[in-house]
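Asks: Structure supplied as entry.cif; contents: mmCIF, C-alpha atoms and all ligand atoms.
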```
data_start
loop_
_atom_site.label_atom_id
_atom_site.label_comp_id
_atom_site.auth_asym_id
_atom_site.auth_seq_id
_atom_site.Cartn_x
_atom_site.Cartn_y
_atom_site.Cartn_z
CA MET N 1 -9.26 -24.49 54.21
CA GLY N 2 -12.47 -24.32 52.23
CA LEU N 3 -12.31 -20.57 52.56
CA HIS N 4 -8.67 -20.62 51.50
CA ILE N 5 -9.49 -22.61 48.35
CA GLN N 6 -12.36 -20.28 47.61
CA ALA N 7 -10.08 -17.30 48.12
CA LYS N 8 -7.52 -18.89 45.81
CA ARG N 9 -10.17 -19.59 43.20
CA SER N 10 -11.32 -15.98 43.44
CA GLN N 11 -7.72 -14.88 43.14
CA THR N 12 -7.21 -17.01 40.02
CA LYS N 13 -10.47 -15.65 38.61
CA LEU N 14 -9.28 -12.14 39.34
CA VAL N 15 -5.95 -12.78 37.65
CA VAL N 16 -7.72 -14.20 34.58
CA ILE N 17 -10.14 -11.28 34.43
CA THR N 18 -7.29 -8.79 34.89
CA LEU N 19 -5.32 -10.47 32.09
CA LEU N 20 -8.33 -10.41 29.78
CA LEU N 21 -8.88 -6.75 30.56
CA LEU N 22 -5.20 -6.03 29.90
CA ILE N 23 -5.33 -7.88 26.57
CA ALA N 24 -8.56 -6.08 25.61
CA GLY N 25 -7.00 -2.81 26.72
CA ALA N 26 -3.87 -3.45 24.68
CA ALA N 27 -5.93 -4.26 21.58
CA HIS N 28 -8.01 -1.15 22.16
CA GLN N 29 -4.83 0.88 22.58
CA THR N 30 -3.47 -0.48 19.30
CA CYS N 31 -6.59 0.75 17.51
CA LEU N 32 -6.47 4.16 19.10
CA ALA N 33 -2.71 4.72 19.11
CA ALA N 34 -1.69 7.70 17.01
CA ALA N 35 0.40 5.73 14.54
CA ARG N 36 1.37 6.97 11.10
CA ASN N 37 1.15 4.66 8.09
CA GLU N 38 3.93 5.20 5.55
CA ILE N 39 2.84 5.20 1.92
CA GLU N 40 5.49 3.17 0.10
CA ILE N 41 5.96 4.93 -3.22
CA PRO N 42 9.62 5.78 -3.75
CA ASP N 43 11.24 9.13 -4.52
CA ILE N 44 12.46 9.60 -8.08
CA PRO N 45 15.85 10.97 -9.16
CA GLY N 46 16.05 14.65 -8.22
CA TYR N 47 12.70 14.80 -6.44
CA ARG N 48 10.85 13.77 -3.30
CA THR N 49 7.56 11.96 -3.95
CA LEU N 50 5.13 13.83 -1.68
CA LYS N 51 1.66 12.45 -1.01
CA CYS N 52 -0.93 15.23 -1.09
CA ASP N 53 -4.69 15.83 -1.02
CA PHE N 54 -5.70 19.27 -2.29
CA HIS N 55 -9.48 18.96 -1.93
CA ILE N 56 -10.97 18.42 1.55
CA HIS N 57 -14.09 19.72 3.32
CA THR N 58 -14.89 20.43 6.96
CA VAL N 59 -17.93 21.57 8.96
CA PHE N 60 -17.12 25.08 7.73
CA SER N 61 -18.88 24.16 4.49
CA ASP N 62 -20.78 20.89 3.94
CA GLY N 63 -18.31 18.48 5.55
CA ALA N 64 -18.93 16.53 8.76
CA VAL N 65 -15.50 16.95 10.36
CA TRP N 66 -13.67 19.57 12.42
CA PRO N 67 -10.51 20.99 10.75
CA THR N 68 -8.01 19.58 13.28
CA VAL N 69 -9.40 16.07 12.66
CA ARG N 70 -8.53 16.47 8.95
CA VAL N 71 -4.93 17.04 9.98
CA GLU N 72 -4.91 13.96 12.23
CA GLU N 73 -6.48 11.78 9.52
CA ALA N 74 -3.98 12.91 6.90
CA TRP N 75 -1.00 12.43 9.19
CA GLN N 76 -2.12 8.93 10.19
CA GLU N 77 -2.69 7.94 6.55
CA GLY N 78 0.85 9.00 5.65
CA LEU N 79 0.19 12.20 3.71
CA ASP N 80 2.75 15.01 3.51
CA ALA N 81 0.45 17.92 2.63
CA ILE N 82 -3.23 18.83 2.49
CA ALA N 83 -5.34 21.78 1.48
CA ILE N 84 -8.66 22.35 3.24
CA THR N 85 -10.92 23.76 0.55
CA ASP N 86 -14.34 24.57 1.95
CA HIS N 87 -16.97 25.99 -0.38
CA ILE N 88 -16.94 29.76 -0.46
CA GLU N 89 -20.61 30.08 -1.44
CA TYR N 90 -22.16 27.06 0.29
CA SER N 91 -22.19 26.70 4.08
CA PRO N 92 -25.21 24.68 5.23
CA HIS N 93 -23.94 24.62 8.85
CA LYS N 94 -23.76 28.40 9.08
CA ASN N 95 -26.36 28.54 11.87
CA ASP N 96 -24.22 26.17 13.97
CA VAL N 97 -20.73 27.20 12.93
CA ARG N 98 -20.06 30.86 12.24
CA PRO N 99 -18.87 30.95 8.66
CA SER N 100 -15.56 32.48 7.79
CA CYS N 101 -13.62 31.38 4.75
CA ASP N 102 -10.30 31.51 6.58
CA ARG N 103 -11.31 29.88 9.91
CA PRO N 104 -10.75 26.20 8.94
CA TYR N 105 -7.13 26.97 7.97
CA GLU N 106 -6.52 28.99 11.13
CA ILE N 107 -7.98 26.26 13.35
CA ALA N 108 -6.05 23.44 11.66
CA ARG N 109 -2.69 25.22 11.39
CA PRO N 110 -1.33 24.61 14.93
CA ALA N 111 -2.25 20.90 14.68
CA ALA N 112 -0.49 20.66 11.30
CA GLN N 113 2.62 22.41 12.63
CA ASP N 114 2.66 20.01 15.57
CA LYS N 115 2.57 17.00 13.23
CA GLY N 116 4.94 18.33 10.55
CA LEU N 117 2.13 18.18 7.99
CA ILE N 118 2.11 20.90 5.34
CA LEU N 119 -1.22 22.75 5.43
CA ILE N 120 -2.09 24.87 2.42
CA ARG N 121 -4.75 27.57 2.57
CA GLY N 122 -7.46 26.92 -0.01
CA ALA N 123 -11.09 27.37 -0.95
CA GLU N 124 -13.59 26.00 -3.46
CA ILE N 125 -15.26 28.48 -5.81
CA THR N 126 -18.64 26.79 -6.16
CA ARG N 127 -20.65 27.80 -9.24
CA ASP N 128 -23.06 26.25 -11.72
CA MET N 129 -21.62 24.76 -14.89
CA PRO N 130 -19.99 26.49 -16.65
CA PRO N 131 -17.45 27.00 -15.16
CA GLY N 132 -18.48 24.59 -12.35
CA HIS N 133 -16.34 24.20 -9.25
CA LEU N 134 -12.76 25.50 -9.07
CA ASN N 135 -10.28 25.09 -6.24
CA ALA N 136 -7.82 27.87 -5.46
CA ILE N 137 -4.89 26.94 -3.21
CA PHE N 138 -1.92 28.84 -1.74
CA LEU N 139 -4.31 31.69 -0.91
CA LYS N 140 -3.42 34.43 1.53
CA ASP N 141 -6.98 35.61 2.19
CA ALA N 142 -9.78 33.24 1.16
CA SER N 143 -12.55 35.69 2.09
CA ARG N 144 -11.61 37.91 -0.86
CA LEU N 145 -13.04 35.20 -3.15
CA ASP N 146 -16.50 35.76 -1.66
CA VAL N 147 -17.83 37.97 -4.47
CA ASN N 148 -20.83 37.79 -6.82
CA ASP N 149 -19.26 37.25 -10.24
CA TRP N 150 -17.29 34.01 -10.71
CA ARG N 151 -14.71 35.81 -12.87
CA ASP N 152 -14.05 38.23 -10.01
CA ALA N 153 -13.67 35.28 -7.62
CA VAL N 154 -11.05 33.61 -9.86
CA LYS N 155 -9.29 36.95 -10.35
CA ALA N 156 -9.15 37.44 -6.57
CA ALA N 157 -7.36 34.07 -6.37
CA ILE N 158 -5.00 34.86 -9.24
CA ASP N 159 -4.15 38.21 -7.62
CA GLN N 160 -2.90 36.16 -4.63
CA ASN N 161 -0.72 34.02 -6.94
CA ALA N 162 -2.94 31.01 -6.26
CA PHE N 163 -2.86 27.73 -8.14
CA VAL N 164 -6.32 27.20 -9.66
CA PHE N 165 -7.77 23.91 -10.86
CA TRP N 166 -11.09 22.64 -12.20
CA ASN N 167 -12.74 20.15 -9.85
CA HIS N 168 -14.62 17.00 -10.83
CA PRO N 169 -15.44 17.95 -14.49
CA GLY N 170 -17.39 14.67 -14.80
CA TRP N 171 -19.54 15.10 -11.66
CA ILE N 172 -22.99 13.79 -12.52
CA GLU N 173 -24.76 16.88 -11.08
CA GLN N 174 -22.97 19.08 -13.59
CA ALA N 175 -22.12 16.68 -16.43
CA PRO N 176 -25.08 14.70 -17.82
CA ASN N 177 -24.27 10.96 -17.93
CA GLU N 178 -20.93 11.80 -16.30
CA VAL N 179 -19.54 12.92 -19.65
CA PRO N 180 -17.40 16.00 -19.03
CA VAL N 181 -17.93 18.97 -21.35
CA TRP N 182 -15.28 21.61 -22.03
CA TYR N 183 -17.07 24.99 -22.33
CA PRO N 184 -15.88 28.28 -23.86
CA GLN N 185 -15.56 29.59 -20.28
CA HIS N 186 -12.82 27.01 -19.68
CA THR N 187 -11.04 28.11 -22.83
CA GLU N 188 -11.33 31.69 -21.54
CA LEU N 189 -9.77 30.72 -18.18
CA LEU N 190 -7.01 28.79 -19.93
CA GLU N 191 -6.20 31.64 -22.32
CA LYS N 192 -6.03 34.15 -19.47
CA GLY N 193 -3.60 31.88 -17.63
CA TRP N 194 -6.15 31.44 -14.83
CA LEU N 195 -6.48 27.65 -15.05
CA HIS N 196 -3.45 25.60 -14.04
CA GLY N 197 -4.72 22.12 -13.29
CA ILE N 198 -7.60 19.69 -13.56
CA GLU N 199 -8.95 16.80 -11.49
CA ALA N 200 -8.75 13.68 -13.66
CA VAL N 201 -9.78 11.74 -10.56
CA ASN N 202 -12.19 13.01 -7.93
CA GLU N 203 -12.99 10.75 -4.98
CA TYR N 204 -13.86 7.36 -6.61
CA SER N 205 -14.29 8.59 -10.20
CA TYR N 206 -11.63 8.54 -12.90
CA TYR N 207 -12.38 10.58 -16.03
CA PRO N 208 -10.10 9.36 -18.88
CA LEU N 209 -11.32 12.21 -21.11
CA VAL N 210 -10.17 14.73 -18.51
CA LYS N 211 -6.72 13.12 -18.39
CA LYS N 212 -6.60 13.52 -22.19
CA TRP N 213 -7.58 17.21 -21.92
CA GLY N 214 -4.99 17.76 -19.22
CA LEU N 215 -2.24 16.39 -21.46
CA GLU N 216 -3.45 18.19 -24.62
CA LYS N 217 -3.87 21.54 -22.88
CA ASP N 218 -0.70 21.19 -20.82
CA LEU N 219 -2.42 21.29 -17.42
CA THR N 220 -1.32 19.77 -14.11
CA LEU N 221 -3.09 16.45 -13.47
CA LEU N 222 -4.63 16.08 -10.04
CA GLY N 223 -6.52 13.44 -8.09
CA ASN N 224 -8.09 14.31 -4.75
CA SER N 225 -10.48 12.82 -2.21
CA ASP N 226 -13.02 15.70 -2.00
CA VAL N 227 -13.83 14.05 1.31
CA HIS N 228 -16.83 15.31 3.28
CA ASP N 229 -17.31 12.48 5.82
CA PRO N 230 -14.67 11.25 8.24
CA ILE N 231 -12.03 9.60 6.03
CA CYS N 232 -12.61 6.19 7.63
CA LEU N 233 -16.25 6.27 6.44
CA ALA N 234 -15.25 7.22 2.91
CA TYR N 235 -12.47 4.61 2.56
CA ASP N 236 -12.10 1.20 4.22
CA GLN N 237 -8.61 1.79 5.51
CA CYS N 238 -8.65 -1.39 7.62
CA SER N 239 -8.81 -3.36 4.35
CA GLY N 240 -5.92 -1.37 2.92
CA GLU N 241 -7.93 1.19 0.94
CA HIS N 242 -6.37 4.60 0.57
CA ARG N 243 -7.86 7.93 -0.42
CA THR N 244 -7.37 9.24 -3.94
CA MET N 245 -4.32 11.52 -3.78
CA THR N 246 -1.90 13.55 -5.87
CA LEU N 247 1.77 12.59 -5.87
CA VAL N 248 3.87 15.74 -6.17
CA PHE N 249 7.51 15.47 -7.29
CA ALA N 250 9.00 18.30 -5.26
CA LYS N 251 12.59 19.40 -4.77
CA GLU N 252 11.99 19.63 -1.02
CA LYS N 253 9.26 18.89 1.47
CA THR N 254 8.05 22.49 1.77
CA GLU N 255 4.93 24.39 0.78
CA GLN N 256 6.95 26.56 -1.61
CA SER N 257 8.45 23.49 -3.27
CA ILE N 258 5.00 21.91 -3.70
CA LYS N 259 3.76 25.11 -5.32
CA GLU N 260 6.72 25.17 -7.71
CA ALA N 261 6.14 21.51 -8.61
CA LEU N 262 2.41 22.03 -9.22
CA PHE N 263 3.03 24.92 -11.60
CA ALA N 264 5.71 22.79 -13.32
CA LYS N 265 3.15 19.95 -13.71
CA ARG N 266 5.30 17.41 -11.83
CA THR N 267 2.46 15.25 -10.52
CA ALA N 268 0.82 11.85 -10.79
CA ILE N 269 -2.47 10.54 -9.43
CA TYR N 270 -2.62 7.60 -7.00
CA HIS N 271 -6.10 6.11 -7.23
CA LYS N 272 -6.92 2.55 -6.08
CA ASN N 273 -4.12 0.41 -7.58
CA LEU N 274 -3.59 2.87 -10.45
CA LEU N 275 -1.00 5.54 -11.07
CA ILE N 276 -2.14 8.05 -13.68
CA GLY N 277 0.11 10.70 -15.19
CA ARG N 278 2.92 11.57 -17.55
CA ALA N 279 5.34 8.75 -18.46
CA GLN N 280 8.32 10.91 -17.51
CA TYR N 281 7.28 10.53 -13.82
CA LEU N 282 5.67 7.08 -13.80
CA LYS N 283 8.65 5.41 -15.48
CA PRO N 284 11.11 6.45 -12.72
CA ILE N 285 8.60 5.35 -10.05
CA PHE N 286 8.55 1.88 -11.64
CA ASP N 287 12.33 1.86 -12.01
CA GLN N 288 12.87 2.89 -8.37
CA SER N 289 10.35 0.29 -7.14
CA VAL N 290 11.42 -2.80 -9.08
CA ARG N 291 14.76 -4.60 -8.98
CA ILE N 292 15.86 -7.90 -10.48
CA ILE N 293 17.82 -9.67 -7.75
CA ASN N 294 19.54 -12.10 -10.18
CA PRO N 295 19.95 -10.16 -13.43
CA GLN N 296 22.49 -12.69 -14.80
CA VAL N 297 21.15 -16.20 -15.43
CA THR N 298 22.23 -19.31 -17.27
CA LEU N 299 19.77 -21.38 -19.29
CA ARG N 300 20.82 -24.99 -19.91
CA GLY N 301 18.98 -26.87 -22.59
CA GLN N 302 15.24 -26.35 -22.24
CA GLY N 303 15.34 -26.01 -18.46
CA MET N 304 13.53 -23.08 -16.85
CA VAL N 305 15.23 -20.46 -14.69
CA ASN N 306 13.43 -18.04 -12.40
CA LEU N 307 14.21 -14.35 -12.40
CA MET N 308 13.61 -13.02 -8.87
CA VAL N 309 11.92 -9.65 -9.25
CA ASN N 310 11.47 -7.53 -6.14
CA ASN N 311 8.87 -4.74 -5.83
CA ARG N 312 9.44 -2.52 -2.80
CA SER N 313 6.45 -0.24 -3.46
CA GLN N 314 2.88 -0.72 -2.21
CA ILE N 315 1.51 -0.91 -5.76
CA ASP N 316 0.85 -4.28 -7.43
CA PHE N 317 2.31 -3.82 -10.92
CA GLU N 318 0.31 -5.75 -13.54
CA LEU N 319 2.56 -6.66 -16.46
CA VAL N 320 1.34 -8.01 -19.80
CA THR N 321 3.01 -8.61 -23.12
CA ASP N 322 2.12 -9.93 -26.53
CA LYS N 323 5.63 -9.61 -27.90
CA ALA N 324 7.66 -12.74 -28.59
CA LEU N 325 11.44 -12.72 -28.21
CA ASN N 326 13.79 -14.63 -30.51
CA GLU N 327 15.82 -16.42 -27.88
CA ILE N 328 13.61 -17.05 -24.84
CA TYR N 329 10.04 -17.74 -23.72
CA THR N 330 8.66 -15.33 -21.11
CA PRO N 331 5.27 -15.35 -19.31
CA ARG N 332 2.54 -13.29 -20.95
CA ARG N 333 1.25 -11.99 -17.62
CA VAL N 334 3.10 -11.25 -14.42
CA THR N 335 1.89 -9.47 -11.29
CA LEU N 336 4.73 -7.93 -9.36
CA ALA N 337 3.00 -7.98 -5.99
CA ARG N 338 3.56 -5.13 -3.58
CA ASP N 339 6.42 -5.55 -1.15
CA ARG N 340 7.23 -9.03 -2.52
CA THR N 341 9.79 -10.86 -4.63
CA VAL N 342 8.11 -12.67 -7.51
CA MET N 343 9.54 -15.52 -9.62
CA VAL N 344 9.38 -14.94 -13.36
CA GLY N 345 10.23 -18.15 -15.24
CA ILE N 346 12.15 -17.97 -18.52
CA THR N 347 13.18 -20.78 -20.87
CA ALA N 348 15.49 -20.90 -23.90
CA LYS N 349 13.76 -21.53 -27.19
CA LYS N 350 14.59 -24.70 -29.08
CA GLY N 351 17.40 -23.96 -31.49
CA ALA N 352 18.45 -20.73 -29.71
CA ALA N 353 22.11 -20.01 -30.33
CA GLY N 354 24.50 -20.51 -27.41
CA GLY N 355 26.37 -17.62 -25.80
CA THR N 356 25.79 -14.63 -23.49
CA LYS N 357 23.39 -11.86 -24.45
CA GLU N 358 21.76 -8.78 -22.96
CA ILE N 359 18.03 -9.25 -23.37
CA ARG N 360 15.44 -6.60 -22.56
CA ILE N 361 12.14 -8.30 -21.80
CA PRO N 362 9.33 -5.95 -22.90
CA TYR N 363 6.15 -5.53 -20.86
CA THR N 364 3.30 -3.07 -20.58
CA VAL N 365 2.38 -2.11 -17.01
CA LYS N 366 -1.40 -2.05 -17.29
CA ASN N 367 -2.07 -0.07 -14.13
CA LEU N 368 0.38 2.76 -14.87
CA LEU N 369 -1.80 4.89 -17.12
CA VAL N 370 0.36 7.30 -19.05
CA GLU N 371 -0.36 9.19 -22.25
CA SER N 372 -1.78 5.95 -23.60
CA ASP N 373 -4.53 4.36 -21.53
CA GLU N 374 -3.02 0.94 -22.34
CA GLY N 375 -0.23 1.48 -19.83
CA LEU N 376 3.46 2.25 -19.49
CA HIS N 377 5.94 0.32 -21.64
CA ILE N 378 8.92 -0.96 -19.69
CA GLU N 379 11.75 -3.45 -20.20
CA LEU N 380 13.30 -5.85 -17.72
CA PRO N 381 17.02 -6.05 -18.56
CA VAL N 382 18.72 -9.41 -18.04
CA THR N 383 21.99 -11.00 -19.10
CA VAL N 384 21.28 -14.51 -20.30
CA THR N 385 23.83 -17.20 -21.00
CA ILE N 386 22.35 -19.94 -23.17
CA ILE N 387 24.01 -23.38 -23.16
CA PRO N 388 22.11 -25.46 -25.72
CA SER N 389 21.49 -29.20 -25.12
CA GLU N 390 24.35 -31.21 -26.58
CA ALA N 391 23.64 -32.17 -30.14
CA LYS N 392 23.07 -35.90 -30.47
ZN ZN N 401 -17.14 20.62 -5.82
ZN ZN N 402 -15.42 19.85 -2.99
#
```
Would you mind writing the file out in structure tokens?

Replies:
Amino acid sequence: MGLHIQAKRSQTKLVVITLLLLIAGAAHQTCLAAARNEIEIPDIPGYRTLKCDFHIHTVFSDGAVWPTVRVEEAWQEGLDAIAITDHIEYSPHKNDVRPSCDRPYEIARPAAQDKGLILIRGAEITRDMPPGHLNAIFLKDASRLDVNDWRDAVKAAIDQNAFVFWNHPGWIEQAPNEVPVWYPQHTELLEKGWLHGIEAVNEYSYYPLVKKWGLEKDLTLLGNSDVHDPICLAYDQCSGEHRTMTLVFAKEKTEQSIKEALFAKRTAIYHKNLLIGRAQYLKPIFDQSVRIINPQVTLRGQGMVNLMVNNRSQIDFELVTDKALNEIYTPRRVTLARDRTVMVGITAKKGAAGGTKEIRIPYTVKNLLVESDEGLHIELPVTVTIIPSEAK
């Protein structure tokens, strides 16, 4: 009997231990499972919104990661396309990894095909300032950029119909006090048609002056991670951080379509909780993300009514206004939280005339940085019926 009880106790213990192990195992599995996050930024009319990173390093230059791992990281984070752009002229691991400018692409390609991730062949032309560092993507043969003169390297990229952009113009190693300087060599590249884009954001750094140059000189605006470490060491993804990336508004999800969109300058930069780019693309992103669930409301007397405003994107839109409307009071600040419906209270002004009116409530979205660094101007359209308090 005593033995039986002991055996039963052992059995119970075993069951408990097994359950704990199963739970631990399940949790472990959840962490390791190859699951893809979806980046919730909507398409815009006529175009797919593709999430891309065109500046990534591997062990084949000064990165710490094997090329196939870059593919896995990008797929899990929810990206649609990447370019691996190892330094042509700088390969500190060359005694451990045999350097070849085209090897990282060749190694990563089967993994990318398996995952449906678009992999673009690229390289980083790595020179002192000026001209600094330039990425060339959509290459056919990266090794042809391995030449002495930087002009010959850029020409070798242009001869392959590559898209060329200036990396991190405000990088402290090449720009004293992180103030970017535009040199005559950049004018030369621009005038030859050899410079197509510019990184207004590199990794964690946003250069407002570079955004201004990009708009003035009609260049494609890019933001990339320039990641060297494993992505999870560079960004705290468990806390919801994402890498800096370029949104490309492409007709289709293909490499050719991305190339066409880059040359047509249809991009925006997604950096922290900011979108940076031309208003013609950021406005439709806002419009596709935000919807007023009850766009027709009735205001009785001085009572408040809530507009229910839904934001289906993963960006918190920060709205501010200093404009007063004639008929109604509106809040000066509203945060349209990501993936939420937010109440925006409005009240009729004393003495407002009765009747039904279309009112467009003006706001500036502070974290959508367009041509003006103040933010994108938008309007929330509502139909308001005002029933004044009965005159006494
Ligand atoms: Zn660089
Ligand atoms: Zn780089």

Asks: Tell me which of N:Ala83, N:Ile158, N:Val370, N:Ile44 sits closest to Lys212 (chain N), counting all atoms listed in the file.

Replies: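 Closest to Lys212 (chain N), using all atoms listed in the file: N:Val370.
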
Asks: Enumerate, as a list in words, the protein, DNA and RNA residues whose atoms approach (-4.8, 4.9, -13.8) to within 9 Å, taking into account only C-alpha atoms and the coordinate frame of the file.

Replies: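 Counting only C-alpha atoms, I find these residues within 9 Å of (-4.8, 4.9, -13.8): Tyr206, Pro208, Ile269, Tyr270, His271, Lys272, Asn273, Leu274, Leu275, Ile276, Gly277, Lys366, Asn367, Leu368, Leu369, Val370, Asp373 and Gly375 of chain N.
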
Asks: Please extract the residues at most 7 Å from ligand ZN 402 (chain N), counting all atoms listed in the file, and provide them as a count of residues only, using the chain letters and residue numbers of this document.

Replies: 8

Asks: For the atom pair CA of Gly240 (chain N) and CA of Ala337 (chain N), what is the interatomic distance in Å to one decimal place?

Replies: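 Computing it gives 14.2 Å between the two atoms.
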
Asks: Output the neighbourhood of ligand ZN 401 (chain N) as JSON, numbers by chain, that is, all protein and nucleic acid residues with some atom at most 7 Å from the ligand, counting only C-alpha atoms and all ligand atoms.

Replies: {"N": [124, 126, 133, 167, 168]}

Asks: Convert the current residue selection to file output with C-alpha atoms, as a PDB file, keeping the file's coordinate frame.

Replies:
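So the final result, stored in out25.pdb, reads:
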```pdb
ATOM      1  CA  GLU N 124     -13.590  26.000  -3.460  1.00  0.00           C
ATOM      2  CA  THR N 126     -18.640  26.790  -6.160  1.00  0.00           C
ATOM      3  CA  HIS N 133     -16.340  24.200  -9.250  1.00  0.00           C
ATOM      4  CA  ASN N 167     -12.740  20.150  -9.850  1.00  0.00           C
ATOM      5  CA  HIS N 168     -14.620  17.000 -10.830  1.00  0.00           C
TER       6      HIS N 168
END
```

Asks: Might you pull out every residue within 10 Å of Gln296 (chain N), with only C-alpha atoms counted and same-chain residues fewer than 2 positions away left off, and present them as a short mmCIF file (atom, residue, chain, number, x, y, z; two decimals) with C-alpha atoms, keeping the file's coordinate frame?

Replies:
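See out-v4.cif below for the written result:
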```cif
data_model
loop_
_atom_site.label_atom_id
_atom_site.label_comp_id
_atom_site.auth_asym_id
_atom_site.auth_seq_id
_atom_site.Cartn_x
_atom_site.Cartn_y
_atom_site.Cartn_z
CA ILE N 292 15.86 -7.90 -10.48
CA ILE N 293 17.82 -9.67 -7.75
CA ASN N 294 19.54 -12.10 -10.18
CA THR N 298 22.23 -19.31 -17.27
CA LEU N 307 14.21 -14.35 -12.40
CA THR N 356 25.79 -14.63 -23.49
CA LYS N 357 23.39 -11.86 -24.45
CA GLU N 358 21.76 -8.78 -22.96
CA PRO N 381 17.02 -6.05 -18.56
CA VAL N 382 18.72 -9.41 -18.04
CA THR N 383 21.99 -11.00 -19.10
CA VAL N 384 21.28 -14.51 -20.30
CA THR N 385 23.83 -17.20 -21.00
#
```
